[in-house]
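Enquirer: Got input12.cif for you, mmCIF, C-alpha atoms:
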```
data_entry
loop_
_atom_site.label_atom_id
_atom_site.label_comp_id
_atom_site.auth_asym_id
_atom_site.auth_seq_id
_atom_site.Cartn_x
_atom_site.Cartn_y
_atom_site.Cartn_z
CA PRO A 154 64.41 -22.89 13.07
CA GLY A 155 65.47 -19.41 12.11
CA LEU A 156 67.09 -17.87 9.10
CA THR A 157 70.75 -18.73 8.77
CA ALA A 158 71.53 -17.33 5.32
CA PRO A 159 69.56 -14.14 4.71
CA ARG A 160 69.99 -14.03 0.93
CA VAL A 161 69.51 -17.68 0.07
CA PRO A 162 65.97 -18.28 -1.21
CA SER A 163 65.87 -21.87 0.03
CA THR A 164 66.56 -20.93 3.64
CA GLU A 165 63.80 -22.37 5.81
CA MET A 166 62.04 -20.04 8.22
CA ALA A 167 59.53 -22.48 9.66
CA SER A 168 59.55 -26.24 9.29
CA ASP A 169 55.95 -26.69 10.43
CA GLY A 170 54.26 -27.94 7.29
CA VAL A 171 51.08 -29.81 6.49
CA ALA A 172 50.20 -32.28 9.24
CA ALA A 173 48.50 -35.60 8.66
CA ALA A 174 45.54 -36.23 10.94
CA GLY A 175 45.91 -39.40 12.95
CA GLU A 176 49.36 -40.15 11.59
CA PRO A 177 51.65 -41.83 14.16
CA ASP A 178 55.05 -40.28 14.79
CA GLY A 179 57.64 -41.54 12.37
CA GLU A 180 55.12 -42.99 9.92
CA GLU A 181 55.51 -41.81 6.35
CA ASP A 182 52.83 -39.47 5.04
CA THR A 183 51.12 -41.31 2.20
CA GLY A 184 49.51 -38.12 0.89
CA PRO A 185 45.98 -37.51 -0.29
CA ARG A 186 45.75 -40.77 -2.20
CA GLY A 187 46.60 -42.77 0.91
CA GLY A 188 43.40 -41.76 2.69
CA ILE A 189 45.11 -39.55 5.27
CA VAL A 190 43.39 -36.23 5.92
CA LEU A 191 45.98 -33.49 5.53
CA VAL A 192 45.62 -30.41 7.71
CA PRO A 193 47.44 -27.34 6.37
CA PRO A 194 49.04 -25.01 8.92
CA CYS A 195 47.44 -21.65 9.60
CA ARG A 196 49.84 -18.75 8.97
CA LEU A 197 48.71 -15.23 9.92
CA VAL A 198 50.48 -11.92 9.34
CA VAL A 199 49.80 -9.55 12.23
CA LYS A 200 51.27 -6.36 13.64
CA ALA A 201 54.25 -6.84 15.93
CA THR A 202 52.21 -5.54 18.87
CA ALA A 203 49.56 -8.21 18.23
CA GLY A 204 52.28 -10.85 18.01
CA ALA A 205 53.54 -9.72 21.41
CA ARG A 206 50.05 -10.26 22.85
CA VAL A 207 50.02 -13.80 21.45
CA ILE A 208 53.31 -14.50 23.24
CA GLY A 209 52.28 -12.75 26.44
CA LYS A 210 54.35 -11.80 29.46
CA LYS A 211 57.18 -14.32 29.91
CA GLY A 212 55.55 -16.47 27.22
CA GLU A 213 52.53 -17.24 29.39
CA SER A 214 49.94 -16.57 26.70
CA ILE A 215 51.46 -18.76 24.01
CA LYS A 216 52.04 -21.57 26.53
CA ALA A 217 48.36 -21.40 27.48
CA LEU A 218 47.38 -21.55 23.79
CA ARG A 219 49.46 -24.67 23.25
CA ALA A 220 48.08 -26.34 26.35
CA ALA A 221 44.44 -25.53 25.56
CA SER A 222 44.57 -26.61 21.91
CA GLY A 223 47.27 -29.24 21.72
CA ALA A 224 48.57 -27.45 18.62
CA SER A 225 52.03 -26.13 17.88
CA VAL A 226 51.90 -22.32 18.03
CA LYS A 227 54.87 -20.12 17.13
CA VAL A 228 55.42 -16.40 16.59
CA LEU A 229 58.11 -15.65 13.99
CA GLN A 230 59.78 -12.27 14.48
CA ASP A 231 63.57 -11.92 14.48
CA GLU A 232 64.01 -14.73 11.95
CA LEU A 233 61.80 -12.98 9.39
CA PRO A 234 63.23 -11.17 6.35
CA GLU A 235 63.99 -7.48 6.80
CA ALA A 236 61.23 -6.63 4.32
CA LEU A 237 58.63 -7.86 6.84
CA ARG A 238 60.37 -6.60 9.97
CA ARG A 239 60.54 -3.05 8.64
CA ARG A 240 56.75 -3.14 8.33
CA GLN A 241 56.61 -4.02 12.05
CA GLU A 242 54.84 -7.28 11.28
CA CYS A 243 55.30 -10.84 12.42
CA ILE A 244 53.93 -14.25 11.44
CA VAL A 245 51.88 -16.39 13.82
CA LEU A 246 51.99 -20.04 12.82
CA ALA A 247 49.71 -22.78 14.15
CA SER A 248 49.88 -26.42 13.07
CA CYS A 249 48.28 -29.64 14.23
CA GLY A 250 47.21 -32.97 12.79
CA GLU A 251 43.71 -32.58 14.22
CA ALA A 252 41.48 -30.00 12.53
CA SER A 253 39.42 -29.47 15.69
CA SER A 254 42.54 -28.69 17.73
CA LEU A 255 43.82 -26.33 15.06
CA ARG A 256 40.51 -24.46 15.06
CA ILE A 257 40.73 -24.00 18.84
CA ALA A 258 44.28 -22.65 18.43
CA ILE A 259 43.20 -20.21 15.70
CA ALA A 260 40.33 -18.90 17.83
CA GLY A 261 42.71 -18.36 20.75
CA ILE A 262 45.24 -16.58 18.55
CA LEU A 263 42.57 -14.24 17.18
CA ASP A 264 41.35 -13.56 20.73
CA ARG A 265 44.77 -12.14 21.49
CA VAL A 266 45.28 -10.40 18.14
CA PHE A 267 42.02 -8.48 18.52
CA ASP A 268 42.31 -7.86 22.28
CA ARG A 269 41.69 -4.16 22.92
CA SER A 270 41.60 -4.29 26.70
CA GLY A 271 45.15 -2.92 26.94
CA LEU A 272 44.31 0.37 25.20
CA PRO A 273 44.74 3.18 27.77
CA ASP A 274 41.81 5.25 26.53
CA PRO A 275 38.41 3.66 27.35
CA ALA A 276 36.86 5.52 24.41
CA GLU A 277 39.38 3.88 22.07
CA ARG A 278 38.60 0.44 23.50
CA GLY A 279 34.93 0.89 22.69
CA ARG A 280 35.34 2.64 19.34
CA GLU A 281 34.02 0.70 16.38
CA ARG A 282 36.75 -0.38 14.02
CA PRO A 283 37.09 -3.20 11.51
CA TYR A 284 38.63 -6.55 12.34
CA VAL A 285 41.44 -7.21 9.87
CA VAL A 286 43.85 -10.12 9.60
CA ASP A 287 46.02 -11.45 6.77
CA VAL A 288 46.08 -15.18 6.06
CA ILE A 289 49.16 -16.50 4.22
CA VAL A 290 48.40 -18.87 1.35
CA PRO A 291 50.75 -20.48 -1.18
CA GLU A 292 51.07 -18.36 -4.30
CA LYS A 293 49.66 -21.22 -6.39
CA ALA A 294 46.45 -21.08 -4.33
CA SER A 295 45.65 -17.50 -5.37
CA GLY A 296 44.26 -18.46 -8.80
CA PRO A 297 41.95 -21.23 -7.53
CA LEU A 298 40.79 -18.98 -4.67
CA VAL A 299 39.83 -16.17 -7.04
CA GLY A 300 38.37 -18.47 -9.70
CA PRO A 301 37.57 -17.69 -13.35
CA GLY A 302 36.56 -14.05 -13.65
CA GLY A 303 36.70 -13.71 -9.88
CA GLU A 304 33.54 -15.80 -9.47
CA ARG A 305 34.83 -17.96 -6.63
CA ILE A 306 36.08 -15.09 -4.45
CA LYS A 307 32.82 -13.20 -5.08
CA ALA A 308 30.83 -16.24 -3.95
CA LEU A 309 33.01 -16.52 -0.83
CA ILE A 310 32.46 -12.85 0.01
CA GLN A 311 28.71 -13.32 -0.32
CA GLU A 312 28.77 -16.57 1.69
CA LEU A 313 30.84 -15.17 4.55
CA GLY A 314 29.57 -11.57 4.63
CA CYS A 315 33.05 -10.04 4.80
CA ASP A 316 35.64 -8.50 2.51
CA LEU A 317 38.28 -10.86 1.08
CA ASN A 318 41.19 -9.54 -0.94
CA VAL A 319 43.90 -11.70 -2.47
CA VAL A 320 46.72 -9.16 -2.36
CA ARG A 321 48.40 -8.82 -5.74
CA GLU A 322 51.94 -8.38 -4.41
CA PRO A 323 53.76 -11.48 -3.08
CA LEU A 324 54.43 -11.58 0.65
CA ALA A 325 57.43 -9.31 1.08
CA GLY A 326 60.67 -11.23 1.56
CA VAL A 327 59.00 -14.66 1.54
CA ALA A 328 59.14 -16.99 -1.45
CA ALA A 329 55.96 -18.07 -3.27
CA GLN A 330 53.44 -16.90 -0.65
CA ARG A 331 50.66 -14.33 -0.73
CA ARG A 332 48.30 -12.61 1.70
CA VAL A 333 44.56 -12.99 1.72
CA ARG A 334 43.23 -10.02 3.66
CA VAL A 335 40.10 -10.74 5.71
CA MET A 336 38.16 -7.71 6.90
CA ALA A 337 34.79 -7.50 8.65
CA ARG A 338 32.90 -5.41 11.18
CA ASP A 339 32.42 -8.26 13.65
CA ARG A 340 34.84 -10.75 15.13
CA GLU A 341 32.75 -13.89 14.53
CA THR A 342 32.74 -13.27 10.78
CA VAL A 343 36.53 -13.00 10.69
CA ASP A 344 36.88 -16.27 12.63
CA ALA A 345 34.54 -18.03 10.20
CA ALA A 346 36.35 -16.61 7.17
CA VAL A 347 39.80 -17.65 8.39
CA TRP A 348 38.58 -21.18 9.01
CA ARG A 349 36.80 -21.31 5.64
CA LEU A 350 40.10 -20.42 3.95
CA GLN A 351 41.81 -23.22 5.89
CA GLU A 352 39.13 -25.65 4.69
CA MET A 353 39.69 -24.56 1.10
CA LEU A 354 43.46 -25.02 1.40
CA ALA A 355 42.82 -28.54 2.70
CA GLU A 356 40.58 -29.19 -0.31
CA PHE A 357 43.34 -27.95 -2.64
CA ILE A 358 45.76 -30.44 -1.07
CA LEU A 359 43.24 -33.27 -1.35
CA THR A 360 42.68 -32.54 -5.05
CA GLU A 361 46.45 -32.06 -5.57
CA VAL A 362 46.12 -28.44 -6.61
CA LEU A 363 48.65 -27.81 -3.82
CA THR A 364 51.39 -29.95 -2.32
CA PRO A 365 52.49 -29.94 1.34
CA ASP A 366 55.93 -28.50 0.55
CA GLN A 367 54.28 -25.33 -0.80
CA PHE A 368 53.36 -24.37 2.77
CA GLU A 369 56.98 -24.04 3.85
CA LEU A 370 58.08 -20.48 4.61
CA ARG A 371 61.34 -19.70 2.86
CA GLU A 372 63.11 -16.41 2.34
CA ALA A 373 62.90 -14.97 -1.16
CA LEU A 374 65.91 -13.70 -3.07
CA PRO A 375 66.01 -9.88 -2.78
CA THR A 376 64.86 -7.98 -5.85
CA ASP A 377 67.00 -5.30 -7.47
CA GLU A 378 64.83 -2.63 -5.82
CA GLU A 379 65.31 -4.22 -2.40
CA LEU A 380 69.07 -4.38 -2.90
CA GLU A 381 69.01 -0.72 -3.94
CA ARG A 382 67.07 0.20 -0.82
CA GLN A 383 69.42 -1.81 1.39
CA ALA A 384 72.42 -0.05 -0.16
CA ALA A 385 70.82 3.31 0.58
CA ALA A 386 69.94 2.40 4.19
CA GLY A 387 70.16 5.44 6.42
CA GLU A 388 69.71 7.82 3.51
CA GLU A 389 65.95 7.45 3.13
CA VAL A 390 63.87 10.62 3.39
CA PRO A 391 60.32 9.83 4.56
CA VAL A 392 57.43 11.39 2.67
CA ARG A 393 54.93 13.41 4.71
CA LEU A 394 51.62 14.57 3.22
CA LEU A 395 49.47 17.13 5.04
CA LEU A 396 45.78 16.17 4.88
CA ALA A 397 42.57 17.84 5.94
CA GLN A 398 40.39 15.76 8.25
CA ASN A 399 38.00 14.67 5.49
CA GLU A 400 40.95 13.90 3.20
CA ALA A 401 42.49 11.64 5.86
CA ALA A 402 39.21 9.71 6.02
CA SER A 403 39.38 9.16 2.25
CA VAL A 404 42.97 7.93 2.47
CA VAL A 405 42.04 5.46 5.23
CA GLY A 406 38.97 4.30 3.29
CA LYS A 407 35.98 2.23 4.32
CA MET A 408 37.02 -0.16 7.09
CA GLY A 409 40.65 0.76 6.42
CA ALA A 410 40.66 -0.73 2.91
CA ASN A 411 42.62 2.09 1.24
CA VAL A 412 45.35 2.46 3.85
CA ASN A 413 45.82 -1.32 4.05
CA ARG A 414 46.43 -1.33 0.30
CA LEU A 415 49.07 1.38 0.76
CA ARG A 416 50.73 -0.71 3.47
CA ASP A 417 51.31 -3.48 0.94
CA VAL A 418 53.75 -1.07 -0.72
CA ALA A 419 55.42 0.78 2.17
CA HIS A 420 55.14 1.65 5.85
CA VAL A 421 52.22 4.11 6.00
CA SER A 422 50.67 5.75 9.04
CA ILE A 423 48.07 8.49 9.49
CA ASP A 424 49.06 10.66 12.45
CA ASP A 425 47.82 13.82 14.13
CA ALA A 426 49.51 16.92 12.69
CA PRO A 427 51.84 18.61 15.21
CA PRO A 428 51.86 22.38 15.83
CA PRO A 429 51.79 24.81 14.09
CA PHE A 430 49.30 22.86 11.98
CA ASP A 431 45.57 22.83 12.75
CA PRO A 432 44.63 20.12 15.32
CA SER A 433 42.07 18.72 12.88
CA GLU A 434 44.70 18.08 10.21
CA ARG A 435 46.56 14.80 9.72
CA ILE A 436 49.97 13.72 8.41
CA CYS A 437 50.28 10.76 6.04
CA PHE A 438 53.74 9.36 6.81
CA VAL A 439 55.37 7.12 4.17
CA ALA A 440 58.71 5.38 4.76
CA ARG A 441 60.71 2.11 4.76
CA ALA A 442 60.47 1.59 1.02
CA THR A 443 62.36 2.40 -2.15
CA LEU A 444 61.95 5.87 -3.62
CA GLY A 445 59.85 4.36 -6.40
CA ASP A 446 57.49 2.72 -3.91
CA ARG A 447 57.22 5.88 -1.78
CA LEU A 448 56.23 7.83 -4.92
CA ARG A 449 53.81 5.06 -5.84
CA VAL A 450 52.09 5.54 -2.47
CA VAL A 451 51.84 9.29 -3.14
CA ARG A 452 50.18 8.58 -6.51
CA LEU A 453 47.73 6.16 -4.88
CA VAL A 454 46.88 8.72 -2.18
CA LEU A 455 46.26 11.40 -4.81
CA GLY A 456 44.10 8.96 -6.75
CA ASP A 457 41.97 8.21 -3.66
CA LEU A 458 41.55 11.94 -2.99
CA CYS A 459 40.48 12.59 -6.59
CA VAL A 460 37.94 9.75 -6.49
CA ALA A 461 36.54 11.08 -3.20
CA LYS A 462 36.34 14.63 -4.60
CA LEU A 463 34.50 13.48 -7.72
CA ALA A 464 32.04 11.48 -5.59
CA ARG A 465 31.41 14.51 -3.37
CA ASN A 466 30.89 16.79 -6.39
CA GLU A 467 28.35 14.35 -7.80
CA MET A 468 26.48 14.23 -4.48
CA GLU A 469 26.47 18.03 -4.31
CA ALA A 470 25.11 18.23 -7.85
CA ASN A 471 22.29 15.88 -6.86
CA GLY A 472 21.57 17.90 -3.72
CA LEU A 473 22.56 15.05 -1.41
CA VAL A 474 25.12 17.13 0.54
CA GLU A 475 25.71 20.82 1.05
CA GLY A 476 28.54 22.40 -0.93
CA GLY A 477 31.64 23.80 0.74
#
```
Taking this structure as input, can you express it in the form of structure tokens?

Expert:
Amino acid sequence: PGLTAPRVPSTEMASDGVAAAGEPDGEEDTGPRGGIVLVPPCRLVVKATAGARVIGKKGESIKALRAASGASVKVLQDELPEALRRRQECIVLASCGEASSLRIAIAGILDRVFDRSGLPDPAERGRERPYVVDVIVPEKASGPLVGPGGERIKALIQELGCDLNVVREPLAGVAAQRRVRVMARDRETVDAAVWRLQEMLAEFILTEVLTPDQFELREALPTDEELERQAAAGEEVPVRLLLAQNEAASVVGKMGANVNRLRDVAHVSIDDAPPPFDPSERICFVARATLGDRLRVVRLVLGDLCVAKLARNEMEANGLVEGG
């Protein structure tokens, strides 16, 4: 089902909720106390291009996923709130009453999300880059995931060997949901982390920290800032920052951590600078956000550059790098 009333917060975007393993069609879900194992759906936020790969030409890829796993697999695009579409993102949703089938579906989805074979430049296909995917969790899961003083998320990071970040901002345009960003240098670690998060969500349902209805995707009521931005549509002036090559690396950050944080606020890209600028220079392009959020990105960029400069000065003072 798609969105039928864009500004009504209760509008349902996806009806696929928590499935009960082994539950016959039409039988009422008795919940965790009834002994039924509840399997939460997996919801991933990916770039629109990755979503297109999941669908495949004439839908062949997504049909193959469904056939191989037995799970329901959907890619939500046009029915998503404008706040997500302007970021050129989509949601891939997989649900199934059998955990083993769901895991097969997730692995197949990630195969397509991380597929680099279509890149025209062979050097780009082989270039090392981090594997990053955002898992959607109910907002009420963020506290239990982080744990007191961040102890639980720290233990997870150590257990899995990857970076996990419960994004502070709610999922744009979607009610009561957040992103957990998973980032690692190898694909197997990302697969394991996504599944570990799914296991934890199932545990939260079993212990009644979460309820099945909290996995429904519903459009959020626009904030005042979003209404202001919508009213000014067509009048936005993108922000462009000229960066030296080493500055661009600082803005991107280790394994893309810094630029991904910026993308939680606005559409941000790091592009080659056109003539007459030096070929080594880069342009940080900021758009599709309110003026306040565009300026917030500028402040964050300046902060990253200052931190990088201070770190370099300290290394120079200790003789670890040459000055210049």

Enquirer: Grab the CA of Leu395 (chain A) to CA of Arg435 (chain A) distance for me, in Å with one decimal place.

Expert: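 Atom-to-atom, CA of Leu395 (chain A) to CA of Arg435 (chain A), that is 6.0 Å.
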
Enquirer: State, in Å with one decimal place, the distance from CA of Val288 (chain A) to CA of Gly250 (chain A).

Expert: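 These atoms are spaced 19.1 Å apart.
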
Enquirer: Please, what distance in Å, to one decimal, runs between CA of Arg332 (chain A) and CA of Leu458 (chain A)?

Expert: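 Atom-to-atom, CA of Arg332 (chain A) and CA of Leu458 (chain A) are spaced 25.9 Å apart.
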
Enquirer: Between A:Asp344, A:Glu292, A:Glu322, A:Glu235, which one has atoms that come closest to Asp417 (chain A), using only C-alpha atoms?

Expert: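 Selected residue with least distance to Asp417 (chain A): A:Glu322.
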
Enquirer: Which residues are close to region 215-228 of chain A, i.e. within 7 Å by all atoms listed in the file, leaving aside same-chain residues fewer than 2 positions away? Reply as a list in words.

Expert: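 The residues that qualify are Gly204, Val207, Ile208, Gly209, Gly212, Glu213, Gln230, Cys243, Ile244, Val245, Leu246, Ala247, Ser248, Cys249, Ser254, Leu255, Ile257, Ala258 and Gly261 of chain A.
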
Enquirer: Pick out the closest residue to Leu363 (chain A) from this set: A:Thr342, A:Ser295, A:Asn411, A:Ser214. Count only C-alpha atoms.

Expert: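 So, comparing all the options, the nearest one is A:Ser295.
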
Enquirer: Return the single residue from A:Ser253, A:Gln367, A:Asn318, A:Ser403 that is closest to Trp348 (chain A), with distances computed using only C-alpha atoms.

Expert: A:Ser253

Enquirer: Please define a box with edges along x, y and z of the file around all atoms of region 294-304 of chain A given in the file, extend it by 5 Å on each side, and return its centre and edge lengths in Å to one decimal, as JSON.

Expert:
```
{"center_x": 40.0, "center_y": -17.5, "center_z": -9.0, "size_x": 22.9, "size_y": 17.5, "size_z": 19.3}
```

Enquirer: Which of these, A:Gly406, A:Pro323, A:Gly303, A:Pro391, has the shortest distance to Leu237 (chain A) once you count only C-alpha atoms?

Expert: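 Closest to Leu237 (chain A), using only C-alpha atoms: A:Pro323.
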
Enquirer: Would you list the residues near (38.8, -28.6, 7.3), meaning any protein, DNA or RNA residue with an atom at most 12 Å from that point in file coordinates, counting all atoms listed in the file, as number ranges by chain?

Expert: A: 174, 190-195, 249-256, 345, 347-359

Enquirer: Where does the PyMOL selection byres ((chain A and resi 422-426) around 9) land in this file, that is, which residues does it pick, as a ChimeraX atom specification?

Expert: /A:395-396,401,404-405,412,416,420-421,427-439

Enquirer: On this structure, the PyMOL selection byres ((chain A and resi 203) around 9) would catch which residues? List them as a ChimeraX atom specification, sorted by chain and number.

Expert: /A:199-202,204-208,242-243,265-268

Enquirer: Determine, counting all atoms listed in the file, every residue of protein, DNA or RNA that lies within 12 Å of (50.4, -17.7, -9.7) in the file coordinates, then give the result as an mmCIF file with C-alpha atoms, keeping the file's coordinate frame.

Expert:
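File result.cif, as written:
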```cif
data_model
loop_
_atom_site.group_PDB
_atom_site.id
_atom_site.type_symbol
_atom_site.label_atom_id
_atom_site.label_comp_id
_atom_site.auth_asym_id
_atom_site.auth_seq_id
_atom_site.Cartn_x
_atom_site.Cartn_y
_atom_site.Cartn_z
ATOM 1 C CA VAL A 290 48.400 -18.870 1.350
ATOM 2 C CA PRO A 291 50.750 -20.480 -1.180
ATOM 3 C CA GLU A 292 51.070 -18.360 -4.300
ATOM 4 C CA LYS A 293 49.660 -21.220 -6.390
ATOM 5 C CA ALA A 294 46.450 -21.080 -4.330
ATOM 6 C CA SER A 295 45.650 -17.500 -5.370
ATOM 7 C CA GLY A 296 44.260 -18.460 -8.800
ATOM 8 C CA PRO A 297 41.950 -21.230 -7.530
ATOM 9 C CA LEU A 298 40.790 -18.980 -4.670
ATOM 10 C CA VAL A 299 39.830 -16.170 -7.040
ATOM 11 C CA VAL A 319 43.900 -11.700 -2.470
ATOM 12 C CA VAL A 320 46.720 -9.160 -2.360
ATOM 13 C CA ARG A 321 48.400 -8.820 -5.740
ATOM 14 C CA GLU A 322 51.940 -8.380 -4.410
ATOM 15 C CA PRO A 323 53.760 -11.480 -3.080
ATOM 16 C CA ALA A 329 55.960 -18.070 -3.270
ATOM 17 C CA GLN A 330 53.440 -16.900 -0.650
ATOM 18 C CA ARG A 331 50.660 -14.330 -0.730
ATOM 19 C CA VAL A 362 46.120 -28.440 -6.610
ATOM 20 C CA LEU A 363 48.650 -27.810 -3.820
#
```

Enquirer: Closest to Arg282 (chain A) among A:Leu229, A:Val343, A:Cys459, A:Gly409, using only C-alpha atoms?

Expert: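 Between A:Leu229, A:Val343, A:Cys459, A:Gly409, the residue approaching Arg282 (chain A) most closely is A:Gly409.
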
Enquirer: Go through A:Val392, A:Ala328, A:Glu467, A:Gly472 and flag the residue nearest Val450 (chain A), using only C-alpha atoms for the distances.

Expert: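 Of the candidates, the smallest distance to Val450 (chain A) is held by A:Val392.
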